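A.B. asks: Please see the structure below; I have some questions.
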Amino acid sequence: MLSPFFGSLNIPIQFRAVAAFAFTFVLFPVVDSGTFVEFPSTILMYAAMILEELFIGWLIGFVSFVSFAAINLAGKVMDMQVGFAIVNVMDPTSGQQIPLIGSFLYNLAIMIFLVTNGHHMIIAALAESFRVVPLLGMQWTESFTDLMIDITSGIFVAGMKIAMPVTFAILLTNVGLGILARTMPQMNIFVVGIPMHIMVGICMLAFVVPFYVLFLDVVFNEMYGNISLAIKAIAP
């Protein structure tokens, strides 16, 4: 529901249902071999058990989604500085409007995520969660709350790191335009500034894309580490 690629809305729901059944079919012998669970006596208790296990899956998907939320945030900041803030495109993977540069960065991140077998790491984390947290063995601790706060706040830090080169280039451009406006008052600075922001932003984005790919490697490795920490934080 939340994880990158698997939770995308443009993937048919039939495929996602079959994938969920396939994961269940493969993991059931492993989970069932060393775990004993007493069947609940009421439907409400059974529903609570299901929600508890769904929460662990939601946790894995949410932590992995945080990294891509940082990419969307970086795209919004870049669009605001370049002048594309009014231009939004419909993202079929999330069903929401996202910024133009953010759409490019997000789709590039998804491709790198698949090429580097990041989706395999998500499946491995799902299998590992049954070993670290036995069925009905989840425990809510204060350390888990602190970890989720740190992971969520990391969205803004990572997003600003990605957007910093373009933002700084636009800042220097605005400083230059301000000096030019003082020395040449007869020039319409607004007519010159808008296309210059776009040109500088696109050129700087093209320059930093190779470094952005390297930065994604760091982001994904941090994401895998956060998934492991989140699972261990709710372990008994």
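The chains in the structure tokens are called A, B, ... from first to last as shown; in each chain the residues are counted from 1, and the ligands are counted from 1 in the order shown.
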List every residue of chain A that DSSP, applied to the backbone of this structure, places in strand (DSSP E), and write the result as JSON, numbers by chain.
C.D. replies: {"A": [88, 89, 90, 91, 96, 97, 98, 99]}
A.B. asks: For the contact check between range 2-86 of chain A and range 182-197 of chain A, emit one row per residue of range 2-86 of chain A within 8 Å, containing the shortest atom pair and the distance in Å rounded to one decimal, counting only C-alpha atoms, chain then rising number order, as CSV.
C.D. replies:
```
residue,atom,partner,partner_atom,distance
A:Gln81,CA,A:His197,CA,7.7
A:Val82,CA,A:His197,CA,5.2
A:Gly83,CA,A:His197,CA,6.9
```
A.B. asks: Taking the chain letters and numbering used in this document, name the residues of chain A that DSSP puts in helix (DSSP H, G or I), as a ChimeraX atom specification.
C.D. replies: /A:13-33,43-82,100-115,118-132,142-183,189-233
A.B. asks: Please list as a PDB file with all heavy atoms, in the first residue's frame every residue within 9 Å of Lys232 in chain A, counting only C-alpha atoms and excluding residues in the same chain fewer than 3 positions away.
C.D. replies:
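Below is the file that was written, result_28.pdb:
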```pdb
ATOM      1  N   SER A 129      11.160  -9.366   9.061  1.00  0.00           N
ATOM      2  CA  SER A 129      10.292  -8.868  10.127  1.00  0.00           C
ATOM      3  C   SER A 129       9.642 -10.004  10.911  1.00  0.00           C
ATOM      4  O   SER A 129       9.387  -9.871  12.115  1.00  0.00           O
ATOM      5  CB  SER A 129       9.213  -7.953   9.537  1.00  0.00           C
ATOM      6  OG  SER A 129       8.331  -8.686   8.695  1.00  0.00           O
ATOM      7  N   VAL A 132      12.417 -11.169  13.409  1.00  0.00           N
ATOM      8  CA  VAL A 132      12.720 -10.223  14.486  1.00  0.00           C
ATOM      9  C   VAL A 132      11.502 -10.010  15.388  1.00  0.00           C
ATOM     10  O   VAL A 132      11.619  -9.977  16.617  1.00  0.00           O
ATOM     11  CB  VAL A 132      13.191  -8.881  13.894  1.00  0.00           C
ATOM     12  CG1 VAL A 132      13.477  -7.866  15.001  1.00  0.00           C
ATOM     13  CG2 VAL A 132      14.437  -9.090  13.044  1.00  0.00           C
ATOM     14  N   VAL A 133      10.334  -9.857  14.773  1.00  0.00           N
ATOM     15  CA  VAL A 133       9.104  -9.637  15.530  1.00  0.00           C
ATOM     16  C   VAL A 133       8.188 -10.839  15.302  1.00  0.00           C
ATOM     17  O   VAL A 133       7.566 -10.947  14.244  1.00  0.00           O
ATOM     18  CB  VAL A 133       8.389  -8.340  15.086  1.00  0.00           C
ATOM     19  CG1 VAL A 133       7.165  -8.076  15.966  1.00  0.00           C
ATOM     20  CG2 VAL A 133       9.346  -7.166  15.129  1.00  0.00           C
ATOM     21  N   PHE A 144      10.825   3.590  19.843  1.00  0.00           N
ATOM     22  CA  PHE A 144      10.200   3.534  18.526  1.00  0.00           C
ATOM     23  C   PHE A 144       9.598   4.881  18.152  1.00  0.00           C
ATOM     24  O   PHE A 144       9.724   5.343  17.012  1.00  0.00           O
ATOM     25  CB  PHE A 144       9.122   2.446  18.513  1.00  0.00           C
ATOM     26  CG  PHE A 144       8.283   2.443  17.275  1.00  0.00           C
ATOM     27  CD1 PHE A 144       8.796   1.983  16.069  1.00  0.00           C
ATOM     28  CD2 PHE A 144       6.975   2.910  17.290  1.00  0.00           C
ATOM     29  CE1 PHE A 144       8.027   1.985  14.915  1.00  0.00           C
ATOM     30  CE2 PHE A 144       6.200   2.911  16.147  1.00  0.00           C
ATOM     31  CZ  PHE A 144       6.726   2.444  14.955  1.00  0.00           C
ATOM     32  N   ILE A 227      14.764   0.960   8.039  1.00  0.00           N
ATOM     33  CA  ILE A 227      13.785  -0.125   8.086  1.00  0.00           C
ATOM     34  C   ILE A 227      14.202  -1.155   9.134  1.00  0.00           C
ATOM     35  O   ILE A 227      13.377  -1.626   9.932  1.00  0.00           O
ATOM     36  CB  ILE A 227      13.640  -0.778   6.700  1.00  0.00           C
ATOM     37  CG1 ILE A 227      12.987   0.193   5.715  1.00  0.00           C
ATOM     38  CG2 ILE A 227      12.814  -2.065   6.790  1.00  0.00           C
ATOM     39  CD1 ILE A 227      12.902  -0.345   4.297  1.00  0.00           C
ATOM     40  N   SER A 228      15.487  -1.500   9.148  1.00  0.00           N
ATOM     41  CA  SER A 228      15.986  -2.458  10.131  1.00  0.00           C
ATOM     42  C   SER A 228      15.823  -1.922  11.552  1.00  0.00           C
ATOM     43  O   SER A 228      15.400  -2.655  12.461  1.00  0.00           O
ATOM     44  CB  SER A 228      17.449  -2.781   9.845  1.00  0.00           C
ATOM     45  OG  SER A 228      17.976  -3.671  10.801  1.00  0.00           O
ATOM     46  N   LEU A 229      16.140  -0.642  11.757  1.00  0.00           N
ATOM     47  CA  LEU A 229      16.005  -0.055  13.089  1.00  0.00           C
ATOM     48  C   LEU A 229      14.548   0.005  13.527  1.00  0.00           C
ATOM     49  O   LEU A 229      14.229  -0.226  14.709  1.00  0.00           O
ATOM     50  CB  LEU A 229      16.612   1.353  13.104  1.00  0.00           C
ATOM     51  CG  LEU A 229      18.134   1.446  12.945  1.00  0.00           C
ATOM     52  CD1 LEU A 229      18.571   2.898  12.872  1.00  0.00           C
ATOM     53  CD2 LEU A 229      18.839   0.736  14.085  1.00  0.00           C
ATOM     54  N   ALA A 235      10.431  -4.850  18.375  1.00  0.00           N
ATOM     55  CA  ALA A 235      10.652  -6.263  18.713  1.00  0.00           C
ATOM     56  C   ALA A 235      10.493  -6.469  20.219  1.00  0.00           C
ATOM     57  O   ALA A 235      10.782  -5.555  21.010  1.00  0.00           O
ATOM     58  CB  ALA A 235      12.039  -6.719  18.270  1.00  0.00           C
ATOM     59  N   PRO A 236      10.040  -7.639  20.661  1.00  0.00           N
ATOM     60  CA  PRO A 236       9.859  -7.898  22.099  1.00  0.00           C
ATOM     61  C   PRO A 236      11.218  -8.012  22.815  1.00  0.00           C
ATOM     62  O   PRO A 236      12.222  -8.313  22.205  1.00  0.00           O
ATOM     63  CB  PRO A 236       9.106  -9.231  22.116  1.00  0.00           C
ATOM     64  CG  PRO A 236       9.409  -9.868  20.806  1.00  0.00           C
ATOM     65  CD  PRO A 236       9.603  -8.753  19.824  1.00  0.00           C
TER      66      PRO A 236
END
```
A.B. asks: If we count only C-alpha atoms, what is near Ile149 in chain A at a cut-off of 12 Å, once residues fewer than 5 positions away on the same chain are taken out, given as a PDB file with N, CA, C and O atoms, in the first residue's frame?
C.D. replies:
```
ATOM      1  N   VAL A  63       8.516   3.740   6.042  1.00  0.00           N
ATOM      2  CA  VAL A  63       9.923   4.130   6.164  1.00  0.00           C
ATOM      3  C   VAL A  63      10.577   4.196   4.787  1.00  0.00           C
ATOM      4  O   VAL A  63      11.389   5.087   4.507  1.00  0.00           O
ATOM      5  N   VAL A  66       9.452   7.390   2.937  1.00  0.00           N
ATOM      6  CA  VAL A  66       9.964   8.665   3.445  1.00  0.00           C
ATOM      7  C   VAL A  66      11.056   9.218   2.535  1.00  0.00           C
ATOM      8  O   VAL A  66      11.118  10.431   2.273  1.00  0.00           O
ATOM      9  N   GLU A 142       9.075   3.601  23.752  1.00  0.00           N
ATOM     10  CA  GLU A 142       9.379   5.024  23.585  1.00  0.00           C
ATOM     11  C   GLU A 142      10.472   5.233  22.543  1.00  0.00           C
ATOM     12  O   GLU A 142      10.472   6.235  21.817  1.00  0.00           O
ATOM     13  N   SER A 143      11.398   4.293  22.456  1.00  0.00           N
ATOM     14  CA  SER A 143      12.464   4.410  21.460  1.00  0.00           C
ATOM     15  C   SER A 143      11.903   4.361  20.041  1.00  0.00           C
ATOM     16  O   SER A 143      12.434   5.015  19.134  1.00  0.00           O
ATOM     17  N   PHE A 144      10.825   3.590  19.843  1.00  0.00           N
ATOM     18  CA  PHE A 144      10.200   3.534  18.526  1.00  0.00           C
ATOM     19  C   PHE A 144       9.598   4.881  18.152  1.00  0.00           C
ATOM     20  O   PHE A 144       9.724   5.343  17.012  1.00  0.00           O
ATOM     21  N   GLY A 154      13.788  13.723   9.010  1.00  0.00           N
ATOM     22  CA  GLY A 154      14.825  13.590   7.998  1.00  0.00           C
ATOM     23  C   GLY A 154      14.347  13.922   6.590  1.00  0.00           C
ATOM     24  O   GLY A 154      15.174  14.136   5.689  1.00  0.00           O
ATOM     25  N   ILE A 155      13.010  13.953   6.389  1.00  0.00           N
ATOM     26  CA  ILE A 155      12.472  14.329   5.075  1.00  0.00           C
ATOM     27  C   ILE A 155      12.945  15.722   4.694  1.00  0.00           C
ATOM     28  O   ILE A 155      13.392  15.973   3.568  1.00  0.00           O
ATOM     29  N   PHE A 156      12.856  16.657   5.621  1.00  0.00           N
ATOM     30  CA  PHE A 156      13.198  18.048   5.330  1.00  0.00           C
ATOM     31  C   PHE A 156      14.712  18.213   5.136  1.00  0.00           C
ATOM     32  O   PHE A 156      15.142  18.973   4.265  1.00  0.00           O
ATOM     33  N   ASN A 226      17.174   2.351   8.221  1.00  0.00           N
ATOM     34  CA  ASN A 226      16.033   2.803   9.014  1.00  0.00           C
ATOM     35  C   ASN A 226      14.955   1.732   9.110  1.00  0.00           C
ATOM     36  O   ASN A 226      14.292   1.604  10.153  1.00  0.00           O
ATOM     37  N   ALA A 230      13.648   0.321  12.584  1.00  0.00           N
ATOM     38  CA  ALA A 230      12.231   0.415  12.932  1.00  0.00           C
ATOM     39  C   ALA A 230      11.675  -0.952  13.341  1.00  0.00           C
ATOM     40  O   ALA A 230      10.876  -1.060  14.283  1.00  0.00           O
TER      41      ALA A 230
END
```
A.B. asks: Just checking: using only C-alpha atoms, which residue out of A:Val31, A:Met1, A:Ile112, A:Val26 ends up closest to Glu128 in chain A?
C.D. replies: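 When distances to Glu128 in chain A are compared using only C-alpha atoms, the smallest one comes from A:Val31.
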A.B. asks: Hey, what's within 8 Å of Val166 in chain A if we count only C-alpha atoms and toss same-chain stuff fewer than 2 positions away? As a list in words, please?
C.D. replies: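 My list of contacting residues is Met78, Gln81, Ala163, Met164, Phe168, Ala169, Ile170, Gly201, Met204 and Leu205 of chain A.
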A.B. asks: Compare A:Met80, A:Ile122, A:Val30, A:Leu171 by their minimum atom-to-atom distance to Ser3 in chain A, counting only C-alpha atoms, and give me the closest one.
C.D. replies: A:Ile122
A.B. asks: Which distance in Å separates CA of Val175 in chain A and CA of Phe211 in chain A, to one decimal?
C.D. replies: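 Separation between CA of Val175 in chain A and CA of Phe211 in chain A: 25.5 Å.
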A.B. asks: Would you mind reading off the distance between CA of Leu135 in chain A and CA of Phe220 in chain A, one decimal, in Å?
C.D. replies: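 Computing the Euclidean distance for CA of Leu135 in chain A and CA of Phe220 in chain A yields 27.7 Å.
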A.B. asks: Write out as a count of residues only which residues come within 9 Å of Asn72 in chain A when counting only C-alpha atoms, dropping same-chain ones fewer than 5 positions away.
C.D. replies: 9
A.B. asks: Would you please work out which residue, of A:Gly178, A:Ile11, A:Phe55, A:Phe65, is nearest to Phe113 in chain A when using only C-alpha atoms?
C.D. replies: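 Nearest candidate to Phe113 in chain A out of A:Gly178, A:Ile11, A:Phe55, A:Phe65: A:Phe65.
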A.B. asks: Kindly give the distance, in Å, that separates CA of Leu147 in chain A and CA of Ile110 in chain A, rounded to a single decimal.
C.D. replies: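 So the answer is 25.0 Å.
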